[in-house]
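What follows is the content of coords-v3.txt (compact mmCIF, C-alpha atoms).
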# COMPACT_ATOMS: atom_id res chain seq x y z
CA MET A 228 -11.27 -24.25 -3.66
CA VAL A 229 -14.69 -23.16 -2.40
CA TRP A 230 -13.16 -22.14 0.92
CA ALA A 231 -10.49 -20.03 -0.83
CA THR A 232 -13.15 -18.31 -2.94
CA MET A 233 -15.26 -17.57 0.14
CA SER A 234 -12.19 -16.26 1.96
CA ARG A 235 -11.36 -13.88 -0.90
CA GLN A 236 -14.95 -12.66 -1.02
CA THR A 237 -14.93 -12.06 2.74
CA THR A 238 -11.67 -10.11 2.47
CA ARG A 239 -13.05 -7.98 -0.37
CA GLY A 240 -16.23 -7.35 1.60
CA ARG A 241 -14.20 -6.29 4.63
CA ARG A 242 -12.13 -3.91 2.51
CA ARG A 243 -15.26 -2.38 0.97
CA ARG A 244 -16.72 -1.83 4.45
CA VAL A 245 -13.48 -0.21 5.64
CA TRP A 246 -13.27 2.19 2.67
CA GLY A 247 -17.00 2.87 2.75
CA GLY A 248 -16.89 3.63 6.47
CA ALA A 249 -13.90 5.95 6.01
CA ALA A 250 -15.63 7.82 3.17
CA LEU A 251 -18.82 8.15 5.23
CA CYS A 252 -16.89 9.52 8.22
CA TRP A 253 -15.20 12.07 5.97
CA VAL A 254 -18.51 13.22 4.46
CA LEU A 255 -20.05 13.55 7.93
CA LEU A 256 -17.10 15.64 9.14
CA VAL A 257 -17.39 17.97 6.15
CA VAL A 258 -21.16 18.36 6.56
CA THR A 259 -21.24 18.78 10.34
CA THR A 260 -18.20 21.01 10.95
CA PRO A 261 -18.37 24.78 10.40
CA LYS A 262 -16.12 26.64 8.01
CA ILE A 263 -12.64 27.34 9.41
CA PRO A 264 -11.21 30.50 7.80
CA TYR A 265 -7.66 31.78 8.16
CA SER A 266 -7.09 33.58 11.44
CA PRO A 267 -5.58 37.10 11.25
CA LYS A 268 -2.66 35.63 13.23
CA HIS A 269 -2.23 32.60 10.97
CA HIS A 270 0.81 34.02 9.20
CA ILE A 271 2.41 35.41 12.37
CA TYR A 272 4.98 33.12 13.99
CA ALA A 273 6.76 33.37 17.31
CA ASP A 274 10.24 33.64 15.78
CA MET A 275 10.34 36.25 13.02
CA ARG A 276 13.95 37.33 13.49
CA ASN A 277 16.07 38.51 10.60
CA PHE A 278 19.69 37.32 10.31
CA LEU A 279 22.02 38.30 7.47
CA GLY A 280 19.17 39.93 5.60
CA VAL A 281 17.03 36.76 5.45
CA PRO A 282 13.48 37.38 6.78
CA ASN A 283 12.23 34.82 9.34
CA THR A 284 15.65 33.22 9.13
CA LEU A 285 15.21 30.05 11.22
CA ASN A 286 11.79 29.23 9.78
CA VAL A 287 13.37 29.49 6.32
CA MET A 288 16.65 27.70 7.02
CA THR A 289 15.07 24.75 8.87
CA ASN A 290 13.58 23.72 5.52
CA PHE A 291 17.02 22.82 4.17
CA PRO A 292 17.00 19.28 5.71
CA PHE A 293 13.88 18.53 3.62
CA LEU A 294 15.91 19.20 0.47
CA VAL A 295 18.84 17.02 1.55
CA VAL A 296 16.72 14.07 2.69
CA GLY A 297 14.28 14.36 -0.21
CA VAL A 298 16.89 14.50 -2.97
CA VAL A 299 19.17 11.81 -1.50
CA SER A 300 16.24 9.43 -0.88
CA LEU A 301 14.77 10.11 -4.33
CA VAL A 302 18.09 9.24 -5.98
CA LEU A 303 18.35 6.04 -3.93
CA CYS A 304 14.76 5.19 -4.86
CA LEU A 305 15.29 5.67 -8.58
CA ARG A 306 18.55 3.70 -8.55
CA GLY A 307 16.46 0.67 -7.60
CA SER A 308 19.16 -1.41 -5.92
CA PHE A 309 19.17 0.28 -2.52
CA PHE A 310 15.52 -0.01 -1.48
CA LYS A 311 13.66 -3.27 -0.92
CA ILE A 312 10.73 -2.68 -3.31
CA SER A 313 8.91 -5.61 -4.90
CA LEU A 314 6.26 -3.82 -7.02
CA GLN A 315 6.46 -1.01 -9.58
CA GLY A 316 3.52 0.64 -7.88
CA GLU A 317 5.58 0.96 -4.71
CA LEU A 318 8.40 2.58 -6.66
CA LEU A 319 6.01 5.20 -8.05
CA GLY A 320 4.51 5.96 -4.64
CA TRP A 321 7.88 6.32 -2.90
CA ALA A 322 9.38 8.40 -5.71
CA MET A 323 6.45 10.82 -5.50
CA PHE A 324 6.76 10.94 -1.70
CA PHE A 325 10.46 11.85 -1.73
CA GLY A 326 9.89 14.26 -4.62
CA GLY A 327 7.16 15.92 -2.55
CA ILE A 328 9.55 16.15 0.43
CA ALA A 329 12.13 17.92 -1.74
CA GLY A 330 9.37 20.23 -2.97
CA VAL A 331 8.48 21.10 0.64
CA ALA A 332 11.95 22.64 1.04
CA PHE A 333 11.35 25.14 -1.76
CA GLY A 334 7.65 25.78 -1.12
CA SER A 335 7.95 26.26 2.63
CA ALA A 336 11.09 28.41 2.36
CA TYR A 337 9.39 30.61 -0.26
CA TYR A 338 6.35 31.02 1.97
CA HIS A 339 8.31 31.81 5.13
CA LEU A 340 10.32 34.52 3.42
CA LYS A 341 7.07 36.50 3.32
CA PRO A 342 4.20 34.65 5.01
CA ASP A 343 0.87 35.66 3.50
CA GLU A 344 -2.16 34.14 1.77
CA SER A 345 -0.72 34.61 -1.71
CA ARG A 346 2.24 32.31 -0.93
CA VAL A 347 0.74 29.78 1.48
CA MET A 348 -0.44 27.50 -1.35
CA TRP A 349 3.20 26.78 -2.27
CA ASP A 350 3.80 25.67 1.32
CA ILE A 351 0.68 23.47 1.45
CA LEU A 352 0.66 21.71 -1.93
CA PRO A 353 3.98 19.78 -1.75
CA MET A 354 3.15 18.65 1.79
CA MET A 355 -0.22 17.32 0.71
CA ILE A 356 1.35 15.54 -2.28
CA ALA A 357 3.86 13.92 0.11
CA TYR A 358 1.08 12.83 2.49
CA ALA A 359 -0.98 11.40 -0.39
CA SER A 360 2.00 9.49 -1.80
CA LEU A 361 2.95 8.12 1.61
CA CYS A 362 -0.55 6.81 2.28
CA GLY A 363 -0.73 5.36 -1.24
CA SER A 364 2.59 3.55 -0.72
CA PHE A 365 1.36 2.16 2.57
CA VAL A 366 -1.85 0.84 0.98
CA ILE A 367 0.15 -0.77 -1.86
CA GLU A 368 2.33 -2.49 0.72
CA ARG A 369 -0.50 -3.71 2.94
CA ILE A 370 -3.27 -4.47 0.41
CA GLY A 371 -1.89 -4.56 -3.11
CA LYS A 372 -0.84 -2.61 -6.19
CA ARG A 373 -4.31 -2.04 -7.66
CA ALA A 374 -5.92 -0.78 -4.44
CA GLY A 375 -2.84 1.29 -3.59
CA LEU A 376 -2.61 3.01 -6.96
CA CYS A 377 -6.34 3.74 -6.84
CA CYS A 378 -5.90 5.22 -3.35
CA LEU A 379 -2.85 7.20 -4.50
CA THR A 380 -4.75 8.66 -7.48
CA VAL A 381 -7.75 9.62 -5.34
CA LEU A 382 -5.59 11.20 -2.62
CA LEU A 383 -3.49 13.16 -5.12
CA LEU A 384 -6.66 14.48 -6.75
CA PHE A 385 -8.00 15.35 -3.30
CA ALA A 386 -4.73 17.14 -2.48
CA LEU A 387 -5.00 19.31 -5.60
CA LEU A 388 -8.71 20.03 -5.14
CA GLY A 389 -8.31 20.62 -1.41
CA THR A 390 -5.53 23.14 -1.96
CA ALA A 391 -7.57 24.96 -4.62
CA TYR A 392 -10.65 24.90 -2.37
CA GLU A 393 -8.69 26.38 0.56
CA ARG A 394 -7.23 29.14 -1.62
CA THR A 395 -10.58 29.97 -3.25
CA PHE A 396 -12.97 29.76 -0.29
CA ASN A 397 -10.63 30.55 2.63
CA ASP A 398 -11.59 27.33 4.41
CA LEU A 399 -9.03 25.13 6.21
CA ARG A 400 -11.28 22.12 6.86
CA LEU A 401 -10.22 19.95 3.92
CA ARG A 402 -6.53 20.46 4.58
CA MET A 403 -6.89 19.79 8.32
CA MET A 404 -8.85 16.58 7.62
CA PHE A 405 -6.31 15.55 5.01
CA GLN A 406 -3.47 15.94 7.51
CA LEU A 407 -5.29 13.60 9.88
CA ILE A 408 -5.30 10.79 7.29
CA PRO A 409 -1.76 9.45 8.04
CA CYS A 410 -2.45 9.51 11.80
CA ALA A 411 -5.62 7.44 11.36
CA VAL A 412 -4.87 5.22 8.36
CA ILE A 413 -1.38 3.95 9.23
CA PRO A 414 -2.04 2.68 12.81
CA PHE A 415 -5.50 1.34 11.86
CA MET A 416 -4.31 -0.55 8.78
CA SER A 417 -1.23 -1.80 10.66
CA LEU A 418 -3.61 -3.70 12.92
CA LEU A 419 -6.04 -4.74 10.18
CA PHE A 420 -3.66 -5.97 7.46
CA PRO A 421 -0.43 -7.99 7.90
CA ALA A 422 2.89 -6.48 6.86
CA LYS A 423 4.63 -8.23 3.97
CA TYR A 424 7.97 -6.63 4.92
CA THR A 425 10.07 -6.65 8.07
CA HIS A 426 10.78 -3.42 10.02
CA SER A 427 7.10 -2.43 9.88
CA ARG A 428 7.45 -0.73 13.29
CA TYR A 429 9.11 2.17 11.44
CA TRP A 430 5.67 3.13 10.16
CA LEU A 431 4.43 3.62 13.73
CA TRP A 432 7.56 5.55 14.69
CA ALA A 433 7.01 7.82 11.69
CA THR A 434 3.38 8.37 12.76
CA GLY A 435 4.57 9.26 16.26
CA LEU A 436 7.05 11.79 14.84
CA TYR A 437 4.31 13.32 12.73
CA ILE A 438 2.01 13.73 15.74
CA LEU A 439 4.88 15.20 17.79
CA SER A 440 5.56 17.76 15.06
CA LYS A 441 1.93 18.93 15.20
CA PHE A 442 2.19 19.49 18.95
CA GLU A 443 5.39 21.48 18.36
CA ALA A 444 3.57 23.67 15.84
CA LEU A 445 0.72 24.29 18.29
CA ALA A 446 3.22 25.20 21.03
CA ASP A 447 5.18 27.55 18.75
CA LYS A 448 5.37 30.51 21.14
CA LYS A 449 5.64 28.45 24.35
CA ILE A 450 8.64 26.52 23.02
CA TYR A 451 10.22 29.76 21.82
CA CYS A 452 9.91 31.32 25.27
CA SER A 453 10.98 28.20 27.18
CA SER A 454 14.09 27.80 24.97
CA SER A 455 15.22 31.31 25.97
CA TYR A 456 14.27 32.56 22.50
CA ILE A 457 16.72 30.25 20.72
CA ILE A 458 14.32 28.23 18.59
CA SER A 459 10.54 28.24 18.11
CA GLY A 460 8.07 25.38 17.98
CA HIS A 461 7.49 25.97 14.27
CA SER A 462 11.19 25.61 13.46
CA LEU A 463 11.29 22.45 15.58
CA GLU A 464 8.29 21.19 13.61
CA HIS A 465 10.31 21.54 10.40
CA LEU A 466 13.27 19.66 11.88
CA CYS A 467 11.05 16.92 13.32
CA LEU A 468 9.21 16.41 10.03
CA SER A 469 12.50 16.26 8.12
CA VAL A 470 13.54 13.28 10.26
CA LEU A 471 10.42 11.37 9.15
CA PRO A 472 11.48 10.68 5.52
CA GLY A 473 14.96 9.83 6.77
CA LEU A 474 13.46 7.26 9.11
CA LEU A 475 11.43 5.74 6.28
CA THR A 476 14.54 5.66 4.07
CA VAL A 477 16.32 3.58 6.72
CA MET A 478 13.29 1.27 6.76
CA LEU A 479 13.35 0.84 2.97
CA ILE A 480 17.07 0.02 2.99
CA ASN A 481 16.96 -2.53 5.82
CA ARG A 482 13.61 -4.28 5.41
CA ASN A 483 13.16 -7.70 3.83
CA LEU A 484 10.22 -9.44 2.18
CA LYS A 485 8.36 -11.68 4.65
CA PHE A 486 5.92 -13.18 2.13
CA GLN A 487 4.61 -12.59 -1.38
CA ARG A 488 0.86 -12.15 -1.87
CA LEU A 489 -0.85 -14.12 -4.63
CA GLY A 490 -2.36 -10.90 -5.94
CA ASP A 491 1.09 -9.31 -6.13
CA LEU A 492 2.40 -12.23 -8.18
CA LYS A 493 -0.50 -11.89 -10.63
CA GLU A 494 0.10 -8.12 -10.93
CA GLN A 495 3.80 -8.70 -11.66
CA ASN A 496 2.88 -11.16 -14.42

Could you show the structure in this file as structure tokens?
Amino acid sequence: MVWATMSRQTTRGRRRRVWGGAALCWVLLVVTTPKIPYSPKHHIYADMRNFLGVPNTLNVMTNFPFLVVGVVSLVLCLRGSFFKISLQGELLGWAMFFGGIAGVAFGSAYYHLKPDESRVMWDILPMMIAYASLCGSFVIERIGKRAGLCCLTVLLLFALLGTAYERTFNDLRLRMMFQLIPCAVIPFMSLLFPAKYTHSRYWLWATGLYILSKFEALADKKIYCSSSYIISGHSLEHLCLSVLPGLLTVMLINRNLKFQRLGDLKEQN
């Protein structure tokens, strides 16, 4: 009994140190990095061709897979019988993630029809909501419902405030740091906390896809030129990112519960 109590206290202390260290690193990054305003070329993409009267056609049309994957996965999530979900908190996190993915289709398409600073917020906000929900779902799975919902709430608030801050002060730092969260949190916590479901490798594959999409965005013009002006890096980024929720949907359908945490049982009761 004493040993179990000491073990729980050690685990809580380790979690506090992890979250405290992460918060400290974030504060240091904000304080030490200079302001990053929008570049004059930020809204100029390599492929800005117009087909059938649709401006920036491929950058607009490559958002359609987000709508298909987001809506289908959201319906499967809300039906309840298709996904292996053991806590209500997980259901909330995944529903918000797939809803955010569906929102990306509309927000990004609207922005790419006429890329400028007045529309970019509608492109950014649904993506940040999706990132926040994904990280919250991961924390619920690896640590527990209470910690995950707390993380989800904080990240959603940060997503809203970060988007407003970027629009008001023309500073990209918060958004750029926010987009690094999945790349850092998922691999780190995969090593630190055991998975209670099978098929946990899908999380790492999803992280790899996300990182690949960022390289495609950076190489927008180079990919456009090397593909003989067929498709740009930014359009490929859209397609790559749309595969990510599909991959996670496959994970949710096929995974099985490996063990049930004591804390999860208490939360269910």

Requested in this report: Report the distance between CA of Thr284 (chain A) and CA of Tyr272 (chain A) in Å, rounded to one decimal place.
Outcome: 11.7 Å

Report summary line: re CA of Leu475 (chain A) and CA of Tyr429 (chain A): distance 6.7 Å

Query - Interatomic distance (Å, one decimal) between CA of Pro282 (chain A) and CA of Ile450 (chain A) - result: 20.1 Å

Requested in this report: Write out as a list in words each polymer residue whose atoms come within 9 Å of region 439-444 of chain A, counting all atoms listed in the file; drop sequence neighbours fewer than 4 positions from it.
Outcome: Thr434, Gly435, Lys448, Ile450, Ser459, Gly460, His461, Ser462, Leu463, Glu464, His465, Leu466, Cys467 and Leu468 of chain A

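Comparing the minimum interatomic distances between Thr390 (chain A) and each of A:Met416, A:Ile408, A:Cys378, A:Val347, counting all atoms listed in the file, we find that A:Val347 sits nearest.
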
Requested in this report: For each of A:Leu379, A:Ala273, A:Ile367, A:Leu384, take the minimum atom-to-atom distance to Met323 (chain A), counting all atoms listed in the file, then give the residue where this is smallest.
Outcome: A:Leu379

**Report entry** Residue with smallest distance to Gly327 (chain A) - pool A:Val287, A:Glu368, A:Ser469, A:Ser417, counting only C-alpha atoms
**Finding:** A:Ser469

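Residues with any atom within 9 Å of Tyr265 (chain A), counting all atoms listed in the file and excluding same-chain neighbours fewer than 4 positions away, are His269, His270, Glu344, Asn397, Asp398 and Leu399 of chain A.
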
Query raised in the report: Hey, which of A:Ile370, A:Asn483, A:Phe333, A:Leu340 ends up closest to Pro353 (chain A)? Count only C-alpha atoms.
Result: A:Phe333

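In this comparison, which uses all atoms listed in the file, the residue of A:Ala391, A:Ile413, A:Ile271, A:Leu418 approaching Pro342 (chain A) most closely is A:Ile271.
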
Taking only residues of region 365-461 of chain A that have an atom at most 12 Å from an atom of region 294-314 of chain A, what is each one's shortest atom pair and its distance in Å to one decimal, using only C-alpha atoms, in chain and number order, as a tab-separated table?
residue	atom	partner	partner_atom	distance
A:Ile367	CA	A:Leu314	CA	8.6
A:Glu368	CA	A:Leu314	CA	8.8
A:Gly371	CA	A:Leu314	CA	9.1
A:Lys372	CA	A:Leu314	CA	7.3
A:Arg373	CA	A:Leu314	CA	10.7
A:Gly375	CA	A:Leu314	CA	11.0
A:Leu376	CA	A:Leu314	CA	11.2
A:Lys423	CA	A:Ser313	CA	10.2
A:Tyr424	CA	A:Lys311	CA	8.8
A:Thr425	CA	A:Lys311	CA	10.3
A:His426	CA	A:Lys311	CA	11.3

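Considering all atoms listed in the file, the residue among A:Trp321, A:Tyr451, A:Phe293, A:Tyr392 positioned nearest to Pro264 (chain A) is A:Tyr392.
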
Can you sort out region 270-292 of chain A so it carries N, CA, C and O atoms, written as a short mmCIF file (atom, residue, chain, number, x, y, z; two decimals), in the frame of the given file?
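Wrote it out as selection26.cif, contents follow:
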data_model
loop_
_atom_site.label_atom_id
_atom_site.label_comp_id
_atom_site.auth_asym_id
_atom_site.auth_seq_id
_atom_site.Cartn_x
_atom_site.Cartn_y
_atom_site.Cartn_z
N HIS A 270 -0.49 33.84 9.84
CA HIS A 270 0.81 34.02 9.20
C HIS A 270 1.82 34.72 10.11
O HIS A 270 2.86 35.18 9.64
N ILE A 271 1.50 34.81 11.39
CA ILE A 271 2.41 35.41 12.37
C ILE A 271 2.99 34.30 13.23
O ILE A 271 2.26 33.58 13.90
N TYR A 272 4.31 34.18 13.23
CA TYR A 272 4.98 33.12 13.99
C TYR A 272 5.78 33.73 15.13
O TYR A 272 6.11 34.92 15.13
N ALA A 273 6.08 32.89 16.10
CA ALA A 273 6.76 33.37 17.31
C ALA A 273 8.14 33.94 16.97
O ALA A 273 8.53 35.00 17.45
N ASP A 274 8.89 33.22 16.13
CA ASP A 274 10.24 33.64 15.78
C ASP A 274 10.24 34.24 14.38
O ASP A 274 10.18 33.52 13.38
N MET A 275 10.30 35.57 14.32
CA MET A 275 10.34 36.25 13.02
C MET A 275 11.59 37.11 12.91
O MET A 275 11.61 38.17 12.29
N ARG A 276 12.68 36.59 13.50
CA ARG A 276 13.95 37.33 13.49
C ARG A 276 14.58 37.32 12.10
O ARG A 276 14.34 36.42 11.30
N ASN A 277 15.42 38.32 11.88
CA ASN A 277 16.07 38.51 10.60
C ASN A 277 17.58 38.45 10.80
O ASN A 277 18.16 39.30 11.48
N PHE A 278 18.23 37.43 10.25
CA PHE A 278 19.69 37.32 10.31
C PHE A 278 20.26 37.40 8.90
O PHE A 278 19.76 36.76 7.98
N LEU A 279 21.30 38.18 8.75
CA LEU A 279 22.02 38.30 7.47
C LEU A 279 21.09 38.67 6.32
O LEU A 279 21.28 38.25 5.17
N GLY A 280 20.08 39.46 6.62
CA GLY A 280 19.17 39.93 5.60
C GLY A 280 18.13 38.94 5.14
O GLY A 280 17.41 39.20 4.17
N VAL A 281 18.02 37.78 5.82
CA VAL A 281 17.03 36.76 5.45
C VAL A 281 15.83 36.88 6.40
O VAL A 281 15.96 36.63 7.59
N PRO A 282 14.66 37.27 5.91
CA PRO A 282 13.48 37.38 6.78
C PRO A 282 13.11 36.02 7.38
O PRO A 282 13.23 34.99 6.72
N ASN A 283 12.68 36.05 8.65
CA ASN A 283 12.23 34.82 9.34
C ASN A 283 13.27 33.71 9.17
O ASN A 283 12.94 32.58 8.78
N THR A 284 14.50 34.05 9.50
CA THR A 284 15.65 33.22 9.13
C THR A 284 15.52 31.74 9.52
O THR A 284 15.70 30.86 8.67
N LEU A 285 15.23 31.44 10.79
CA LEU A 285 15.21 30.05 11.22
C LEU A 285 14.05 29.27 10.59
O LEU A 285 14.20 28.08 10.26
N ASN A 286 12.91 29.91 10.43
CA ASN A 286 11.79 29.23 9.78
C ASN A 286 12.09 28.92 8.32
O ASN A 286 11.54 27.97 7.75
N VAL A 287 12.96 29.74 7.71
CA VAL A 287 13.37 29.49 6.32
C VAL A 287 14.46 28.42 6.27
O VAL A 287 14.36 27.44 5.52
N MET A 288 15.48 28.59 7.10
CA MET A 288 16.65 27.70 7.02
C MET A 288 16.36 26.28 7.49
O MET A 288 17.01 25.34 7.03
N THR A 289 15.39 26.11 8.39
CA THR A 289 15.07 24.75 8.87
C THR A 289 14.36 23.92 7.81
O THR A 289 14.04 22.75 8.06
N ASN A 290 14.13 24.50 6.64
CA ASN A 290 13.58 23.72 5.52
C ASN A 290 14.68 23.03 4.72
O ASN A 290 14.38 22.13 3.91
N PHE A 291 15.92 23.40 4.94
CA PHE A 291 17.02 22.82 4.17
C PHE A 291 17.13 21.30 4.35
O PHE A 291 17.40 20.59 3.36
N PRO A 292 16.94 20.75 5.57
CA PRO A 292 17.00 19.28 5.71
C PRO A 292 16.00 18.54 4.81
O PRO A 292 16.28 17.42 4.37
#
